[in-house]
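Below: one structure, written as structure tokens.
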Amino acid sequence: MEILDYTFMQRALLAALIVGITAPAIGIYLVQRRQSLMGDGIGHVALTGVGLGFLINSGSIWASPVWVATFVAIGGSVAMELIRWYGRTRGDLALAMLFYGGMAGGVMLMNLSDAGSNANLSTYLFGSITTVSSQDMTTICVLAAVVLAITIGLRRQLFAVCQDEEFARVTGLPVRLLNLLVAVTAAVTVTVAMRVVGLLLVSALMVIPVAAAQQITRSFAVTFVLAVAIGVGVTLTGTATSYYVDVPSGATIVLFAIVLFVLFTALAAPLAKKRARAAADGAQGCTLEVPGSRAAADDVSV
Amino acid sequence: MNTPAHQPDRQPVIDLRAATATLGARPVLRGVDLTVHSGEVVALLGANGSGKSTAVRSVIGQVPLTGGTLSLFGTEFRRFKDWARIGYVPQRTTAAGGVPATVSEIVTAGRLARTKFGILRKADRAAVHHALELVGMADRAKDSASALSGGQHQRVLIARALAVEPELLIMDEPMAGVDLASQEVLAGALREQVARGTTVLLVLHELGPLEPLIDRAVVLRDGCVVHDGPPPEAVGQHALPGHDHAHPSPAAAPSGGASHHCMGSHADPAPIRTGLLS
């Protein structure tokens with residue numbers, strides 16, 4: 001495997017693996033809450049952070065575009081959560097403002113800075129996995145560990161809150177805190193995945209593996225595991241493909257995920273039929289069998 | 001278990017006094033008193049829009065009170081933390097979440113209040129299984145909730161409330177849109193809970209198969225309590241499905257405890273139409 005000989009490819013594959021695990025892991029809760037597009041919104045807001053990072057351009061680690069994007073994305077996701085609490089009536093409009101404001105702010109700030117060029121912008125918009133630096137790698141690993149600890153460690157609590165908020169409150173769970181935690185975790189995941197699939201496609205990796213998995217699953221736990229498996233599968237194969245064939249990694253990964261979604265959807269119908277047949281076999285004797293040998297009594301010849 | 005457990009020396013389980021609440025700009029509760037004592041089964045009745053659902057939702061803190069006081073198990077609501085004592089059945093939502101979940105996963109969520117950091121022990125799994133048995137759904141534990149009928153879905157939601165082994169069960173229209181077979185199962189499960197001494201507060205549209213269990217009925221109209229006493233008798237014409245029940249003035253009905261704070265409702269001479277089925 002000559003692909004593993006290059007340090008930049010080792011880094012790229014490790015980053016792809018991490019994103020393949022974390023994005024569906026938090027995405028499943030967003031899908032369960034019926035907020036599939038939240039990741040997309042956070043991605044737009046994070047772009048302003050990237051622009052701000054370039055503008056500051058101070059050379060300190062904490063002011064690097066990845067970190068500034070993380071902080072701005074967290075701020076944006078908290079703002080979205082607050083809008084969900086207090087502005088239920090026209091929440092979608094407020095969210096739209098946040099999306100487009102974030103996008104416009106990012107483009108503006110990027111242009112104002114010296115370091116930022118259009119080429120630089122597009123590595124954040126569409127991902128550029130092979131340019132992940134070793135410094136980025138450390139950041140990505142730390143953030144991914146946090147995301148995994150939350151999405152797996154608190155799975156029962158997050159499941160309850162995302163399934164039925166009203167009921168979760170009566171079980172004494174800190175619903176608002178957990179909602180904020182989901183939002184912040186999603187924001188962190190967006191910035192982790194930013195370099196791999198790009199801000200415009202990051203939401204796809206949070207949603208499509210979950211959507212594909214749930215075509216054939218019946219339980220949350222299995223959906224979770226299968227979605228992560230699909231996520232890892234498409235990010236690794238997509239990254240490898242972009243090495244052998246000169247294609248952008250982000251787009252390849254997302255297209256692979258969509259192909260899997262279509263395959264799983266096609267699989268769903270026969271699988272459901274098979275399950276229904278198994279269930280019917282279990283409950284045999286419900287319909288009276290008519291002996292096949294019995295001939296019709298009115299055997300009249302014309 | 002039809003004894004009105006009304007003992008003045010005991011702390012009421014739910015004590016709602018002069019409660020007012022608004023939804024948007026519209027006042028929905030206009031001074032509601034509701035006291036439920038330990039072991040009692042109280043039905044909250046009234047027409048659509050009478051505020052009965054809001055009253056129940058304010059008891060669990062889902063709708064904030066704009067006035068009045070609320071205490072649960074003798075603790076002021078603000079300081080109440082003992083949620084494991086309460087089982088809640090919300091008004092049935094249209095569907096499950098956006099991701100498939102099995103019946104047992106949903107019911108397990110109801111057990112969280114009794115676990116530490118969400119870690120399940122043997123006893124927790126046993127409680128979940130027992131709750132499913134109570135509503136006759138144990139054989140469907142591994143099925144996806146989206147494959148269930150309306151009545152079965154409601155049975156799952158009730159199992160979720162029972163999984164925590166509550167002392168107080170609060171149910172918002174548990175019988176709405178539930179087929180007859182499921183209604184019988186639910187009535188049986190509820191009877192068992194009541195026999196164990198569980199206190200029950202439930203919102204109902206009609207008394208139906210639960211009638212023999214109910215100790216006391218509180219009837220709301222326009223956010224005011226207009227009747228608090230024995231369940232209204234449904235006889236003759238009134239017993240027919242679809243009949244809009246009418247009841248004599250509350251002055252004639254024996255008061256079950258709470259006083260009537262809503263202005264004017266005391267002296268209302270006209271028969272009170274509770275519209276139980278409207």
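In the structure tokens, chains take letters A, B, ... by order of appearance, with residues numbered from 1 within each chain and ligands from 1 in the order shown.
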
Would you mind listing, as a PDB file with N, CA and C atoms, in the first residue's frame, all residues of chain B that have at least one atom within 6 Å of chain A, where only C-alpha atoms are what counts?
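In the end it all went to selection_7.pdb:
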ATOM      1  N   TRP B  83     -38.124  13.812  40.834  1.00  0.00           N
ATOM      2  CA  TRP B  83     -38.944  13.462  39.671  1.00  0.00           C
ATOM      3  C   TRP B  83     -39.190  11.966  39.544  1.00  0.00           C
ATOM      4  N   GLY B  97     -39.659   9.828  17.056  1.00  0.00           N
ATOM      5  CA  GLY B  97     -38.649  10.773  16.590  1.00  0.00           C
ATOM      6  C   GLY B  97     -38.228  10.502  15.159  1.00  0.00           C
ATOM      7  N   GLY B  98     -37.198  11.213  14.700  1.00  0.00           N
ATOM      8  CA  GLY B  98     -36.770  11.084  13.316  1.00  0.00           C
ATOM      9  C   GLY B  98     -35.903   9.863  13.053  1.00  0.00           C
ATOM     10  N   VAL B  99     -35.582   9.113  14.107  1.00  0.00           N
ATOM     11  CA  VAL B  99     -34.732   7.935  13.970  1.00  0.00           C
ATOM     12  C   VAL B  99     -35.515   6.758  14.558  1.00  0.00           C
ATOM     13  N   PRO B 100     -35.436   5.572  13.917  1.00  0.00           N
ATOM     14  CA  PRO B 100     -36.166   4.429  14.477  1.00  0.00           C
ATOM     15  C   PRO B 100     -35.750   4.143  15.920  1.00  0.00           C
ATOM     16  N   ALA B 101     -36.691   3.730  16.722  1.00  0.00           N
ATOM     17  CA  ALA B 101     -36.387   3.335  18.092  1.00  0.00           C
ATOM     18  C   ALA B 101     -37.300   2.181  18.456  1.00  0.00           C
ATOM     19  N   THR B 102     -36.782   1.210  19.204  1.00  0.00           N
ATOM     20  CA  THR B 102     -37.620   0.083  19.588  1.00  0.00           C
ATOM     21  C   THR B 102     -38.468   0.462  20.795  1.00  0.00           C
ATOM     22  N   ALA B 109     -36.227   5.001  28.439  1.00  0.00           N
ATOM     23  CA  ALA B 109     -36.072   6.433  28.698  1.00  0.00           C
ATOM     24  C   ALA B 109     -36.873   6.857  29.929  1.00  0.00           C
ATOM     25  N   ALA B 113     -34.878   8.404  35.480  1.00  0.00           N
ATOM     26  CA  ALA B 113     -34.908   9.136  36.740  1.00  0.00           C
ATOM     27  C   ALA B 113     -34.448   8.261  37.913  1.00  0.00           C
ATOM     28  N   SER B 144     -39.940  -1.963  16.192  1.00  0.00           N
ATOM     29  CA  SER B 144     -39.812  -0.524  16.017  1.00  0.00           C
ATOM     30  C   SER B 144     -41.133   0.143  16.391  1.00  0.00           C
TER      31      SER B 144
END

### Query
Looking only at the backbone, which of the residues in stretch 152-224 of chain B does DSSP tag as strand (DSSP E or B), as a VMD selection string?
chain B and resid 168 to 172 199 to 203 216 to 221 224

Mind dumping the selected residues with C-alpha atoms as a CSV table (one decimal), in the first residue's frame?
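Contents of the output file selection.csv:
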chain,number,residue,atom,x,y,z
B,168,LEU,CA,-48.0,9.8,41.2
B,169,LEU,CA,-49.2,9.1,37.7
B,170,ILE,CA,-50.2,12.1,35.5
B,171,MET,CA,-51.9,11.3,32.2
B,172,ASP,CA,-53.1,13.6,29.6
B,199,THR,CA,-52.1,8.4,43.1
B,200,VAL,CA,-53.5,9.3,39.7
B,201,LEU,CA,-54.4,12.5,38.0
B,202,LEU,CA,-55.7,12.2,34.5
B,203,VAL,CA,-57.3,14.4,31.9
B,216,ARG,CA,-63.3,12.4,42.2
B,217,ALA,CA,-63.9,14.5,39.2
B,218,VAL,CA,-62.8,18.1,38.7
B,219,VAL,CA,-64.6,19.8,35.9
B,220,LEU,CA,-63.1,22.9,34.2
B,221,ARG,CA,-64.8,25.5,32.1
B,224,CYS,CA,-62.3,27.8,36.1

### Distance query B:Ile214 at most 12 Å, only C-alpha atoms, self and fewer than 5 positions along chain excluded, as a PyMOL selection string
chain B and resi 1-5+39-45+187+190-191+194+199-204+206-209+229-233

Please dump the current selection as an mmCIF file, in the first residue's frame; keep C-alpha atoms.
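Result file follows (part.cif):
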data_model
loop_
_atom_site.group_PDB
_atom_site.id
_atom_site.type_symbol
_atom_site.label_atom_id
_atom_site.label_comp_id
_atom_site.auth_asym_id
_atom_site.auth_seq_id
_atom_site.Cartn_x
_atom_site.Cartn_y
_atom_site.Cartn_z
ATOM 1 C CA MET B 1 -60.067 1.157 46.237
ATOM 2 C CA ASN B 2 -62.910 3.607 45.949
ATOM 3 C CA THR B 3 -62.310 5.323 49.255
ATOM 4 C CA PRO B 4 -61.754 9.021 49.002
ATOM 5 C CA ALA B 5 -58.380 9.182 50.723
ATOM 6 C CA GLY B 39 -54.042 7.311 46.841
ATOM 7 C CA GLU B 40 -56.743 9.325 45.116
ATOM 8 C CA VAL B 41 -57.732 8.929 41.480
ATOM 9 C CA VAL B 42 -58.829 12.299 40.159
ATOM 10 C CA ALA B 43 -60.196 12.930 36.678
ATOM 11 C CA LEU B 44 -59.949 16.362 35.121
ATOM 12 C CA LEU B 45 -62.864 16.868 32.767
ATOM 13 C CA ALA B 187 -57.918 0.173 32.360
ATOM 14 C CA LEU B 190 -54.350 1.356 35.793
ATOM 15 C CA ARG B 191 -56.499 -0.696 38.166
ATOM 16 C CA VAL B 194 -54.351 2.118 41.896
ATOM 17 C CA THR B 199 -52.064 8.439 43.100
ATOM 18 C CA VAL B 200 -53.497 9.268 39.685
ATOM 19 C CA LEU B 201 -54.403 12.543 38.018
ATOM 20 C CA LEU B 202 -55.748 12.163 34.519
ATOM 21 C CA VAL B 203 -57.280 14.374 31.889
ATOM 22 C CA LEU B 204 -60.240 12.705 30.234
ATOM 23 C CA GLU B 206 -65.172 10.980 28.712
ATOM 24 C CA LEU B 207 -65.077 8.652 31.677
ATOM 25 C CA GLY B 208 -65.456 5.484 29.597
ATOM 26 C CA PRO B 209 -63.936 2.238 30.908
ATOM 27 C CA GLY B 229 -66.721 16.099 43.678
ATOM 28 C CA PRO B 230 -67.939 12.643 42.768
ATOM 29 C CA PRO B 231 -67.700 11.807 39.074
ATOM 30 C CA PRO B 232 -70.724 13.045 37.142
ATOM 31 C CA GLU B 233 -73.256 10.254 36.690
#

### Query
Tell me, which residues of stretch 83-240 of chain A carry DSSP alpha helix (DSSP H), written as a ChimeraX atom specification?
/A:83-86,91-112,118-126,134-153,155-163,165-170,175-197,202-213,220-240

Can I get the selection written as a short mmCIF file (atom, residue, chain, number, x, y, z; two decimals), in the first residue's frame, with C-alpha atoms?
data_model
loop_
_atom_site.label_atom_id
_atom_site.label_comp_id
_atom_site.auth_asym_id
_atom_site.auth_seq_id
_atom_site.Cartn_x
_atom_site.Cartn_y
_atom_site.Cartn_z
CA ILE A 83 -33.80 31.26 19.15
CA ARG A 84 -35.46 27.85 19.39
CA TRP A 85 -36.43 28.54 23.02
CA TYR A 86 -37.58 32.09 22.85
CA GLY A 91 -37.59 30.66 14.34
CA ASP A 92 -36.95 29.62 10.75
CA LEU A 93 -36.54 33.23 9.63
CA ALA A 94 -34.09 34.00 12.41
CA LEU A 95 -32.14 30.88 11.52
CA ALA A 96 -32.04 31.89 7.87
CA MET A 97 -30.58 35.27 8.89
CA LEU A 98 -27.90 33.46 10.86
CA PHE A 99 -27.06 31.18 7.90
CA TYR A 100 -26.71 33.90 5.32
CA GLY A 101 -25.14 36.39 7.72
CA GLY A 102 -22.50 33.79 8.59
CA MET A 103 -21.76 33.07 4.94
CA ALA A 104 -21.57 36.74 3.93
CA GLY A 105 -19.47 37.60 6.98
CA GLY A 106 -17.00 34.85 6.15
CA VAL A 107 -16.54 35.94 2.54
CA MET A 108 -16.20 39.60 3.59
CA LEU A 109 -13.65 38.99 6.36
CA MET A 110 -11.65 36.63 4.18
CA ASN A 111 -11.35 39.26 1.48
CA LEU A 112 -10.32 41.92 3.99
CA ASN A 118 -10.26 32.77 -2.97
CA ALA A 119 -8.20 29.60 -3.20
CA ASN A 120 -7.83 29.58 0.56
CA LEU A 121 -11.56 30.10 0.99
CA SER A 122 -12.39 27.14 -1.18
CA THR A 123 -10.25 24.76 0.89
CA TYR A 124 -12.57 25.55 3.81
CA LEU A 125 -15.76 25.52 1.75
CA PHE A 126 -15.12 22.21 0.00
CA SER A 134 0.17 18.06 12.01
CA GLN A 135 -0.94 20.99 14.15
CA ASP A 136 -4.47 20.67 12.74
CA MET A 137 -4.27 16.96 13.53
CA THR A 138 -3.74 17.53 17.25
CA THR A 139 -6.68 19.93 17.32
CA ILE A 140 -8.91 17.49 15.44
CA CYS A 141 -8.02 14.60 17.76
CA VAL A 142 -8.72 16.57 20.92
CA LEU A 143 -12.07 17.87 19.66
CA ALA A 144 -13.11 14.44 18.35
CA ALA A 145 -12.41 12.85 21.73
CA VAL A 146 -14.73 15.38 23.37
CA VAL A 147 -17.48 14.74 20.81
CA LEU A 148 -17.26 10.96 21.24
CA ALA A 149 -17.26 11.15 25.03
CA ILE A 150 -20.49 13.17 24.93
CA THR A 151 -22.36 11.28 22.20
CA ILE A 152 -21.60 7.83 23.61
CA GLY A 153 -21.36 8.58 27.32
CA ARG A 155 -26.49 8.45 24.83
CA ARG A 156 -29.44 7.51 27.05
CA GLN A 157 -29.98 11.07 28.24
CA LEU A 158 -29.59 12.56 24.76
CA PHE A 159 -31.91 9.90 23.33
CA ALA A 160 -34.60 10.80 25.87
CA VAL A 161 -34.28 14.55 25.25
CA CYS A 162 -34.26 14.25 21.46
CA GLN A 163 -37.11 11.72 21.43
CA GLU A 165 -38.45 16.88 25.21
CA GLU A 166 -41.57 17.33 27.33
CA PHE A 167 -41.34 13.87 28.82
CA ALA A 168 -37.59 14.22 29.42
CA ARG A 169 -38.26 17.30 31.53
CA VAL A 170 -40.59 15.31 33.79
CA VAL A 175 -33.23 19.40 29.21
CA ARG A 176 -31.92 22.87 28.37
CA LEU A 177 -28.39 21.97 29.34
CA LEU A 178 -28.50 18.79 27.25
CA ASN A 179 -29.94 20.69 24.28
CA LEU A 180 -27.11 23.20 24.55
CA LEU A 181 -24.65 20.33 24.79
CA VAL A 182 -25.99 18.83 21.55
CA ALA A 183 -25.69 22.23 19.84
CA VAL A 184 -22.15 22.83 21.06
CA THR A 185 -21.10 19.28 20.19
CA ALA A 186 -22.52 19.71 16.70
CA ALA A 187 -20.58 22.97 16.34
CA VAL A 188 -17.33 21.30 17.40
CA THR A 189 -17.97 18.43 14.96
CA VAL A 190 -18.55 20.89 12.13
CA THR A 191 -15.17 22.49 12.67
CA VAL A 192 -13.49 19.09 13.01
CA ALA A 193 -15.01 17.94 9.73
CA MET A 194 -14.42 21.28 8.00
CA ARG A 195 -10.97 20.38 6.64
CA VAL A 196 -12.11 16.97 5.44
CA VAL A 197 -15.42 17.52 3.65
CA VAL A 202 -20.26 18.86 6.46
CA SER A 203 -23.94 18.54 7.19
CA ALA A 204 -24.18 15.77 4.58
CA LEU A 205 -21.84 13.57 6.61
CA MET A 206 -23.94 14.15 9.72
CA VAL A 207 -27.23 13.29 8.05
CA ILE A 208 -26.75 10.90 5.11
CA PRO A 209 -25.14 7.96 7.00
CA VAL A 210 -27.98 8.15 9.54
CA ALA A 211 -30.59 8.36 6.80
CA ALA A 212 -29.02 5.38 5.00
CA ALA A 213 -28.77 3.29 8.17
CA PHE A 220 -31.74 3.45 17.80
CA ALA A 221 -28.67 1.54 18.99
CA VAL A 222 -28.28 -0.38 15.74
CA THR A 223 -28.90 2.79 13.71
CA PHE A 224 -26.13 4.51 15.68
CA VAL A 225 -23.58 1.73 15.08
CA LEU A 226 -24.49 1.27 11.43
CA ALA A 227 -24.42 5.03 10.73
CA VAL A 228 -20.92 5.29 12.22
CA ALA A 229 -19.82 2.27 10.18
CA ILE A 230 -21.18 3.85 7.01
CA GLY A 231 -19.51 7.15 7.93
CA VAL A 232 -16.12 5.49 8.39
CA GLY A 233 -16.57 3.46 5.20
CA VAL A 234 -17.34 6.42 2.96
CA THR A 235 -14.73 8.79 4.42
CA LEU A 236 -11.92 6.22 4.08
CA THR A 237 -12.85 5.05 0.58
CA GLY A 238 -13.54 8.63 -0.50
CA THR A 239 -10.15 9.82 0.72
CA ALA A 240 -8.36 6.89 -0.91
#

### Query
Neighbours of B:Ala181 within 12 Å (only C-alpha atoms; same-chain residues fewer than 6 positions away dropped), as an MDAnalysis selection string?
chainID B and resid 135:136 149:152 155 175 187:188 209

Restricted to C-alpha atoms, what would the selected residues look like written as a compact mmCIF listing (two decimals), in the first residue's frame?
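Below is the file again_5.txt, written as the result:
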# COMPACT_ATOMS: atom_id res chain seq x y z
CA VAL B 135 -49.63 -3.00 29.26
CA GLY B 136 -49.36 -6.30 27.39
CA SER B 149 -50.98 1.07 15.93
CA GLY B 150 -52.26 4.16 17.74
CA GLY B 151 -53.54 2.17 20.68
CA GLN B 152 -50.30 0.18 20.99
CA ARG B 155 -49.71 1.59 25.67
CA MET B 175 -57.69 7.09 26.04
CA ALA B 187 -57.92 0.17 32.36
CA GLY B 188 -56.57 -3.12 33.75
CA PRO B 209 -63.94 2.24 30.91

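Among the candidates B:Ile106, B:Leu112, B:Leu23, B:Val164, the residue lying nearest to B:Arg57 is B:Leu23 (atoms considered: only C-alpha atoms).
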
### Query
Could you state the separation of atom CA of A:Ala69 and atom CA of A:Gly43 in Å, given to one decimal place?
9.3 Å

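Take the candidates B:Gly177, B:Pro27, B:Gly74, B:Gly197 and check each one against B:Ile14 using only C-alpha atoms; the shortest distance goes to B:Gly74.
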
### Message
Residues near A:Leu4, anyone? I mean within 10 Å using only C-alpha atoms, not counting same-chain ones fewer than 4 positions away, as a PyMOL selection string.
### Response
chain A and resi 8-11+13+240

#### Entry: Two-atom distance - atom CA of A:Ala73, atom CA of A:Leu37 (Å)
14.5 Å

### Query
Mind pulling up the distance from atom CA of B:Leu34 to atom CA of B:Leu16?
4.9 Å
